[in-house]
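Down below is the structure, laid out as structure tokens.
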Amino acid sequence: MILKELRRRSLLGGLCKTNTMKDQSFANGESRYRLQLRKGAATVGLPPAWVDVSEEIASNVQRARVKMNELAKAHAKALMPSFGDGKEDQQNIEALTTEITNLLKKSEKKLLQKLSAAGPSEDSNVRKNVQRQLATDLQNLSMELRKKQSTYLKCLRQQMEDAADLEMNLNGNRPKEEDDDLDDMIFSEHQMARLKQSEVYTVEREREIQQIVESVNELAQIMKDLSVLVIDQGTIVDRIDYNIQNVATTVEEGLKQLQKAERTQKQGGMVMCATVLVIMCFVMLVLLILKEIIF
Amino acid sequence: MVLVSAVRDYVYRMLQDISGMKVLILDSQTVSIVSVVYSQSELLQKEVFLVELIDSISKSKESMSHLKAVYFLRPTSENIQYMRRQLSNPRFGECHLFFSNMLKDTQIHLLADSDEQEVVQQVQEFYADFISVDPYHFTLNMPSNHYYILPAVVDPSNLQHFCDRAVDGIGAVFLALKRRPIIRYSRASDIAKRIAHETALMYQQESGLFDFRRMEMSPLLLIVDRRDDPVTPLLNQWTYQAMVHELIGIQDNKVDLRSIGKFPKDQQEVVLSSEQDAFFKANMYENFGDIGMNIKRMVDDFQQVAKSNQNIQTIEDMAKFVDNYPEYRKMHGNVSKHVTLVTEMSKIVEERKLMLVSETEQDLACNGGQVAAFEAVTNLLNNESVSDIDRLRLVMLYALRYEKESPVQLMQLFNKLASRSAKYKPGLVQFLLKQAGADKRTGDLYGNRDFLNIARNMARGLKGVENVYTQHQPLLFQTMESIIKGRLRDVDYPYVGNHFQQGRPQEVVIFIIGGTTYEESRSVAQLNASNSGIRFIIGGTAVLNSKRFLKDLEEAQGIARSNANVV
């Protein structure tokens, strides 16, 4: 009991400490400690099973965040001019992106299936709120991923254009300096080589862009599914008092529905019919037996 | 800003140190206090997955011991009883108790006795005991506001509750500001004097708590009575926030549209908060005409965005659309909200012929000319399309201004009012005059008491006004100007105790007993924006519109009458 604790502390001189704690908080006068006894040593009970699912999803979200940081670094590295053809950078980026998208998809599926709650109990409210919070986190992550991808795409495209421009310029400058015939032959060779290279280059880039677009679509799907769960900030749904009222009314509504259902069930013609039929069966049985006995 | 951020800070500190899944339990008052400053999504970020009211949570028997309970309550005896019941049958793993004002020692002992299973981890006081609706405007949202009108002998215990709540609220405001004020009050008002003295007493008794470092200039607490300015709540308003409150009604920054018509589910209740809505913040003090134009501009912008969204040709466009979808959705919601509000208000203005009525009201409040006024009021009383409440208001405004001139005509108006309005409670206007008549008011409501004011009025009349409908300035504006010039008269507003202030305070809190209006909070915001060197904060026991003011008067009249009958 708090009072006993207070007395005990005063014996140990602990009250002086509590008093100084009080005085300290008086110094800025914002709040006042009356009592702070134990720190977190109380028994917190075992949570229900769905909490495990929510914790799993939360850890997935955390992992996805870490991977996003790695992806950002990989993007930056790939955009820097390098001597190799950058294939392993591309593969790294692809791998990371697919990993993150898979994590998000998995989490989303779990969120929508396992955590959906039914019934107007308090536990289902908690569940619904946990679902909302995780949905917000997931949506933010997907949006971040999309933004990163689109900036990467833009930079890629920019690079492509720059490279093409550069080549055009180079091609443009050459003819003035060499002889005509030799010009044409070397020129066409150079031209062919360049064309081929730029073709390969273009095909590569196209493929990358295609992949990014695919992942964009997947993420768009996730966002669409999640958007029903996420609260729009600044609207009435984001108000605490509105949610409390709503809970109260849903509980009342649920109760009313249950009562109505009970009543209609009791009055149901079905019950009557069934009873009548059963009685008829018994009557027939009795008649049959009587018939056998008499005859 | 400071009030909003103080309450937010308190809520943050309540939730910050407690890890794990939490349930937040509030009472009917603290739910308003928290809802205006903290949103549901922010609570979810802090792992608060359930919010309940303390009276409903007592009914359920489900045990949820994996949740930690955070209680934020007002320290009333009712709440202490609920808490005792909760503590004897704890449903949650841990209990952290926070109270919005000072606990008495007896209350702590009661709680201690019930805590058999030792679930309470901490008990703290966080002084968030007021609802901060706007950056410089707070309210106490008292349900029975009308007690300030009645003399103390009528219902002493309820009046004591009223005063206690007011003193608690004022104390909490100054604790949030971390200052200790000098107190002045309106001389003519008994209740202002009472509350001023009780506040001073509280400071004396709890001196340890209020020992802030003394800066040179203490802030000023000015306690005034609504009855010094009964005109402002009666007038019809034409600036956005005030108008919505007058015509529809704003409660804790929420507008409930269900009372005025059928709307789709997501538009039945909307939020009007300057913190969260940039358009509202820019337009809350604009008048109706300007708002119409700004909304049109907003709708045009939105339509452009919508059109570009429909024009999705390439993958890039699609990507851009998905990127911007949350923004688009938010904009859509916002646009529909404002359009709905303005449409509904236009409808009401049309129905009740408010343009016509309000012109006369403003004349009654601002300009002279008794004969013309009498004629105008009579015409409007005869007009069939004017509603009862508007008729009542017109007669009240006339009576307040011309109570001394031509009593015969005044009687005529009373009779006409009684004959035309079926629901009118007879004698209400006289009751108002008795409470808030010229002899009872401090200050110069109509600017006709001293020569300076008369001259000022004449000058204003010659200059002409921009907008006939918004020409009224509440009395509060003059009071604030006098404070800025350092000329608030001691005769009218005496000090409590022996303090005398040399020079101007830098911070002023004006507490209006009986309630504030959004027109007054607009004046405060405008004055604060004009960099006069003083920061004003305004607060009251409720936020009034004409309906609420009249309801308070009626209830007070009813009680006074039944009391007179008994005696």
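By order of appearance in the structure tokens: chains A, B, ..., then residues from 1 within every chain, and ligands from 1 in the order shown.
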Item to complete: Find the residues around Val53 of chain A up to 10 Å (only C-alpha atoms counted), leave out those fewer than 5 positions away in its own chain, and share them as a PyMOL selection string.
Response: chain A and resi 58-59+107+110-111+114-115
Restricting the output to N, CA, C and O atoms, write the selected residues as a tab-separated table (two decimals), in the first residue's frame.
```tsv
chain	number	residue	atom	x	y	z
A	58	ALA	N	6.11	-6.04	-36.74
A	58	ALA	CA	6.93	-4.88	-36.36
A	58	ALA	C	8.40	-5.15	-36.64
A	58	ALA	O	9.12	-4.28	-37.11
A	59	SER	N	8.84	-6.38	-36.35
A	59	SER	CA	10.25	-6.67	-36.59
A	59	SER	C	10.54	-6.71	-38.09
A	59	SER	O	11.62	-6.29	-38.53
A	107	SER	N	4.35	-8.73	-44.83
A	107	SER	CA	3.80	-8.05	-43.66
A	107	SER	C	2.37	-7.63	-43.91
A	107	SER	O	1.50	-7.75	-43.06
A	110	LYS	N	-0.07	-10.56	-43.76
A	110	LYS	CA	-0.29	-10.97	-42.38
A	110	LYS	C	-1.17	-9.97	-41.67
A	110	LYS	O	-2.08	-10.32	-40.92
A	111	LEU	N	-0.89	-8.69	-41.92
A	111	LEU	CA	-1.64	-7.64	-41.24
A	111	LEU	C	-3.12	-7.76	-41.54
A	111	LEU	O	-3.96	-7.67	-40.65
A	114	LYS	N	-4.31	-11.90	-40.28
A	114	LYS	CA	-4.28	-12.39	-38.91
A	114	LYS	C	-4.80	-11.37	-37.92
A	114	LYS	O	-5.28	-11.72	-36.86
A	115	LEU	N	-4.60	-10.09	-38.24
A	115	LEU	CA	-4.92	-9.13	-37.19
A	115	LEU	C	-6.34	-8.59	-37.28
A	115	LEU	O	-6.76	-7.83	-36.44
```
Item to complete: Write out as a ChimeraX atom specification which residues come within 7 Å of segment 224-237 of chain B when counting only C-alpha atoms, dropping same-chain ones fewer than 4 positions away.
Response: /B:185-186,189,192,242-243,246,358,361,393,397,435-436,441-442,445,474-475,511-515,517,544-546,549
Set the distance at 10 Å and use only C-alpha atoms: which residues neighbour Leu71 of chain A once local chain neighbours fewer than 6 positions away are removed? I'd like the list as a PDB file with C-alpha atoms, in the first residue's frame.
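Result saved to result-v3.pdb:
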```
ATOM      1  CA  ARG A  65      14.053  -0.102 -42.749  1.00  0.00           C
ATOM      2  CA  LYS A  77      27.195   3.881 -55.576  1.00  0.00           C
ATOM      3  CA  ASN A  92      22.778  -5.774 -55.710  1.00  0.00           C
ATOM      4  CA  ILE A  93      20.135  -3.110 -56.175  1.00  0.00           C
ATOM      5  CA  GLU A  94      17.733  -5.572 -57.725  1.00  0.00           C
ATOM      6  CA  ALA A  95      18.241  -8.055 -54.941  1.00  0.00           C
ATOM      7  CA  LEU A  96      17.732  -5.470 -52.226  1.00  0.00           C
ATOM      8  CA  THR A  97      14.636  -4.044 -53.866  1.00  0.00           C
ATOM      9  CA  ILE A 100      12.269  -5.170 -49.343  1.00  0.00           C
ATOM     10  CA  LEU A 145      10.775   3.064 -51.188  1.00  0.00           C
ATOM     11  CA  LYS A 148      13.852   6.383 -53.654  1.00  0.00           C
ATOM     12  CA  GLN A 149      13.156   4.320 -56.727  1.00  0.00           C
TER      13      GLN A 149
END
```
Discussion item. According to DSSP computed on the backbone, where in segment 174-315 of chain B is there helix (DSSP H, G or I)? Give the residues as a VMD selection string.
Written reply: chain B and resid 174 to 177 190 to 205 226 to 228 231 to 234 240 to 247 257 to 260 265 to 267 278 to 283 288 to 310 315
Worksheet item: With only C-alpha atoms as the basis for distance, which of B:Ala564, B:Val4, B:Ile183, B:Val34 is at the shortest distance from chain A?
Response: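 Residue with the minimum atom-to-atom distance to chain A: B:Val34.
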Apply DSSP to the backbone of this structure and, from segment 86-163 of chain B, keep only the residues in strand (DSSP E or B); write these as a PDB file with N, CA, C and O atoms, in the first residue's frame.
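Okay, this is what ended up in result39.pdb:
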```
ATOM      1  N   PHE B  92      -5.830  -4.149 -15.274  1.00  0.00           N
ATOM      2  CA  PHE B  92      -4.646  -3.965 -16.098  1.00  0.00           C
ATOM      3  C   PHE B  92      -3.402  -4.268 -15.296  1.00  0.00           C
ATOM      4  O   PHE B  92      -3.428  -4.305 -14.074  1.00  0.00           O
ATOM      5  N   GLY B  93      -2.311  -4.464 -16.026  1.00  0.00           N
ATOM      6  CA  GLY B  93      -1.086  -4.863 -15.366  1.00  0.00           C
ATOM      7  C   GLY B  93      -0.547  -3.821 -14.411  1.00  0.00           C
ATOM      8  O   GLY B  93      -0.299  -4.076 -13.250  1.00  0.00           O
ATOM      9  N   GLU B  94      -0.381  -2.609 -14.929  1.00  0.00           N
ATOM     10  CA  GLU B  94       0.167  -1.544 -14.098  1.00  0.00           C
ATOM     11  C   GLU B  94      -0.764  -0.347 -14.164  1.00  0.00           C
ATOM     12  O   GLU B  94      -1.498  -0.186 -15.113  1.00  0.00           O
ATOM     13  N   CYS B  95      -0.693   0.512 -13.166  1.00  0.00           N
ATOM     14  CA  CYS B  95      -1.488   1.734 -13.195  1.00  0.00           C
ATOM     15  C   CYS B  95      -0.593   2.939 -12.990  1.00  0.00           C
ATOM     16  O   CYS B  95       0.178   2.984 -12.042  1.00  0.00           O
ATOM     17  N   HIS B  96      -0.687   3.877 -13.886  1.00  0.00           N
ATOM     18  CA  HIS B  96       0.043   5.133 -13.705  1.00  0.00           C
ATOM     19  C   HIS B  96      -1.003   6.225 -13.625  1.00  0.00           C
ATOM     20  O   HIS B  96      -1.777   6.415 -14.549  1.00  0.00           O
ATOM     21  N   LEU B  97      -1.036   6.935 -12.524  1.00  0.00           N
ATOM     22  CA  LEU B  97      -2.084   7.923 -12.311  1.00  0.00           C
ATOM     23  C   LEU B  97      -1.565   9.333 -12.541  1.00  0.00           C
ATOM     24  O   LEU B  97      -0.533   9.712 -11.989  1.00  0.00           O
ATOM     25  N   PHE B  98      -2.287  10.080 -13.342  1.00  0.00           N
ATOM     26  CA  PHE B  98      -1.936  11.479 -13.545  1.00  0.00           C
ATOM     27  C   PHE B  98      -3.178  12.304 -13.308  1.00  0.00           C
ATOM     28  O   PHE B  98      -4.243  11.995 -13.811  1.00  0.00           O
ATOM     29  N   PHE B  99      -3.047  13.366 -12.553  1.00  0.00           N
ATOM     30  CA  PHE B  99      -4.188  14.214 -12.264  1.00  0.00           C
ATOM     31  C   PHE B  99      -3.941  15.599 -12.819  1.00  0.00           C
ATOM     32  O   PHE B  99      -2.815  16.081 -12.845  1.00  0.00           O
ATOM     33  N   VAL B 120      -0.334   0.400  -8.458  1.00  0.00           N
ATOM     34  CA  VAL B 120      -0.025   1.791  -8.804  1.00  0.00           C
ATOM     35  C   VAL B 120       1.481   1.987  -8.854  1.00  0.00           C
ATOM     36  O   VAL B 120       2.177   1.687  -7.897  1.00  0.00           O
ATOM     37  N   GLN B 121       1.949   2.510  -9.976  1.00  0.00           N
ATOM     38  CA  GLN B 121       3.377   2.724 -10.129  1.00  0.00           C
ATOM     39  C   GLN B 121       3.777   4.155  -9.815  1.00  0.00           C
ATOM     40  O   GLN B 121       4.856   4.400  -9.316  1.00  0.00           O
ATOM     41  N   GLN B 122       2.915   5.101 -10.193  1.00  0.00           N
ATOM     42  CA  GLN B 122       3.264   6.485  -9.900  1.00  0.00           C
ATOM     43  C   GLN B 122       2.006   7.340  -9.853  1.00  0.00           C
ATOM     44  O   GLN B 122       0.992   6.987 -10.460  1.00  0.00           O
ATOM     45  N   VAL B 123       2.112   8.411  -9.137  1.00  0.00           N
ATOM     46  CA  VAL B 123       1.020   9.382  -9.063  1.00  0.00           C
ATOM     47  C   VAL B 123       1.638  10.758  -9.304  1.00  0.00           C
ATOM     48  O   VAL B 123       2.508  11.177  -8.562  1.00  0.00           O
ATOM     49  N   GLN B 124       1.195  11.417 -10.340  1.00  0.00           N
ATOM     50  CA  GLN B 124       1.774  12.733 -10.630  1.00  0.00           C
ATOM     51  C   GLN B 124       0.675  13.740 -10.923  1.00  0.00           C
ATOM     52  O   GLN B 124      -0.437  13.377 -11.272  1.00  0.00           O
ATOM     53  N   GLU B 125       1.020  15.001 -10.790  1.00  0.00           N
ATOM     54  CA  GLU B 125       0.081  16.054 -11.160  1.00  0.00           C
ATOM     55  C   GLU B 125       0.621  16.785 -12.381  1.00  0.00           C
ATOM     56  O   GLU B 125       1.723  17.322 -12.346  1.00  0.00           O
ATOM     57  N   PHE B 126      -0.129  16.789 -13.449  1.00  0.00           N
ATOM     58  CA  PHE B 126       0.237  17.542 -14.652  1.00  0.00           C
ATOM     59  C   PHE B 126      -0.859  18.563 -14.886  1.00  0.00           C
ATOM     60  O   PHE B 126      -1.980  18.208 -15.138  1.00  0.00           O
ATOM     61  N   ILE B 131      -8.971  23.657 -21.808  1.00  0.00           N
ATOM     62  CA  ILE B 131      -9.025  23.188 -23.185  1.00  0.00           C
ATOM     63  C   ILE B 131      -8.497  24.304 -24.068  1.00  0.00           C
ATOM     64  O   ILE B 131      -9.090  25.371 -24.139  1.00  0.00           O
ATOM     65  N   SER B 132      -7.365  24.076 -24.721  1.00  0.00           N
ATOM     66  CA  SER B 132      -6.775  25.151 -25.523  1.00  0.00           C
ATOM     67  C   SER B 132      -7.268  25.032 -26.951  1.00  0.00           C
ATOM     68  O   SER B 132      -6.735  24.290 -27.754  1.00  0.00           O
ATOM     69  N   VAL B 133      -8.324  25.793 -27.251  1.00  0.00           N
ATOM     70  CA  VAL B 133      -8.948  25.655 -28.562  1.00  0.00           C
ATOM     71  C   VAL B 133      -8.176  26.363 -29.663  1.00  0.00           C
ATOM     72  O   VAL B 133      -8.166  25.949 -30.804  1.00  0.00           O
ATOM     73  N   ASP B 134      -7.531  27.459 -29.311  1.00  0.00           N
ATOM     74  CA  ASP B 134      -6.775  28.213 -30.306  1.00  0.00           C
ATOM     75  C   ASP B 134      -5.474  28.634 -29.642  1.00  0.00           C
ATOM     76  O   ASP B 134      -5.365  28.564 -28.430  1.00  0.00           O
ATOM     77  N   HIS B 137      -6.379  31.161 -26.950  1.00  0.00           N
ATOM     78  CA  HIS B 137      -7.748  31.099 -26.472  1.00  0.00           C
ATOM     79  C   HIS B 137      -7.954  29.775 -25.776  1.00  0.00           C
ATOM     80  O   HIS B 137      -7.720  28.724 -26.356  1.00  0.00           O
ATOM     81  N   PHE B 138      -8.366  29.810 -24.506  1.00  0.00           N
ATOM     82  CA  PHE B 138      -8.665  28.555 -23.837  1.00  0.00           C
ATOM     83  C   PHE B 138     -10.056  28.644 -23.239  1.00  0.00           C
ATOM     84  O   PHE B 138     -10.604  29.724 -23.074  1.00  0.00           O
ATOM     85  N   THR B 139     -10.620  27.519 -22.910  1.00  0.00           N
ATOM     86  CA  THR B 139     -11.937  27.511 -22.294  1.00  0.00           C
ATOM     87  C   THR B 139     -12.001  26.400 -21.262  1.00  0.00           C
ATOM     88  O   THR B 139     -11.199  25.482 -21.276  1.00  0.00           O
TER      89      THR B 139
END
```
Worksheet entry | For Gln370 of chain B: contacts at 10 Å, only C-alpha atoms, fewer than 2 positions along chain excluded, given as number ranges by chain | B: 364, 367-368, 372-376, 398, 401-402, 405-406
Worksheet item: Which residues, written as JSON, numbers by chain, have at least one atom at most 12 Å from Tyr328 of chain B, with only C-alpha atoms counted and residues fewer than 3 positions away on the same chain left out?
Response: {"A": [232], "B": [301, 302, 303, 304, 305, 306, 307, 308, 309, 320, 321, 322, 323, 324, 325, 331, 332, 333, 334, 335]}
Discussion item. Residues within 9 Å of Val496 of chain B, please, as a VMD selection string. Count only C-alpha atoms; anything in the same chain fewer than 4 positions from it doesn't count.
Written reply: chain B and resid 182 to 185 193 196 to 197 200
Taking N, CA and C atoms for each residue, export the selection above as an mmCIF file, in the first residue's frame.
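Written output follows (selection39.cif):
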```cif
data_model
loop_
_atom_site.group_PDB
_atom_site.id
_atom_site.type_symbol
_atom_site.label_atom_id
_atom_site.label_comp_id
_atom_site.auth_asym_id
_atom_site.auth_seq_id
_atom_site.Cartn_x
_atom_site.Cartn_y
_atom_site.Cartn_z
ATOM 1 N N ILE B 182 -0.192 39.021 -11.199
ATOM 2 C CA ILE B 182 -0.845 40.027 -10.373
ATOM 3 C C ILE B 182 -2.303 40.030 -10.801
ATOM 4 N N ILE B 183 -3.191 40.127 -9.842
ATOM 5 C CA ILE B 183 -4.596 39.906 -10.155
ATOM 6 C C ILE B 183 -5.379 41.204 -10.073
ATOM 7 N N ARG B 184 -6.148 41.481 -11.114
ATOM 8 C CA ARG B 184 -7.083 42.596 -11.068
ATOM 9 C C ARG B 184 -8.443 42.074 -11.479
ATOM 10 N N TYR B 185 -9.484 42.748 -11.021
ATOM 11 C CA TYR B 185 -10.817 42.251 -11.352
ATOM 12 C C TYR B 185 -11.750 43.427 -11.580
ATOM 13 N N LYS B 193 -14.992 39.484 -8.151
ATOM 14 C CA LYS B 193 -14.245 39.747 -6.926
ATOM 15 C C LYS B 193 -13.991 38.446 -6.179
ATOM 16 N N ALA B 196 -11.402 36.343 -7.940
ATOM 17 C CA ALA B 196 -10.078 36.955 -7.813
ATOM 18 C C ALA B 196 -9.490 36.675 -6.435
ATOM 19 N N HIS B 197 -10.325 36.840 -5.402
ATOM 20 C CA HIS B 197 -9.796 36.617 -4.054
ATOM 21 C C HIS B 197 -9.490 35.155 -3.801
ATOM 22 N N ALA B 200 -6.195 34.400 -5.348
ATOM 23 C CA ALA B 200 -5.096 34.920 -4.534
ATOM 24 C C ALA B 200 -4.851 34.026 -3.332
#
```
Fill in: Counting only C-alpha atoms, the residue of B:Leu247, B:Leu53, B:Ala459, B:Ala282 that sits nearest Leu341 of chain B
B:Leu247
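Among the candidate residues B:Gln81, B:Gln276, B:Ser28, B:Asn141, the one lying nearest to chain A is B:Gln276, with distances computed using only C-alpha atoms.
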Practice prompt. Rank nothing, just name the residue among A:Leu287, A:Tyr201, A:Val213, A:Asn140 nearest to Asp317 of chain B, using only C-alpha atoms.
Written response: A:Val213
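Distance annotation: of A:Leu153, A:Cys273, A:Met68, A:Ile231, the residue with the minimal separation from chain B is A:Ile231; atom set is only C-alpha atoms.
Of the residues under consideration (B:His338, B:His66, B:Arg391, B:Lys265), B:Arg391 shows the shortest atom-to-atom contact distance to Val357 of chain B when counting only C-alpha atoms.
Taking atom CA of Leu67 of chain B as the reference point, atom CA of Val23 of chain B is found at 6.4 Å.
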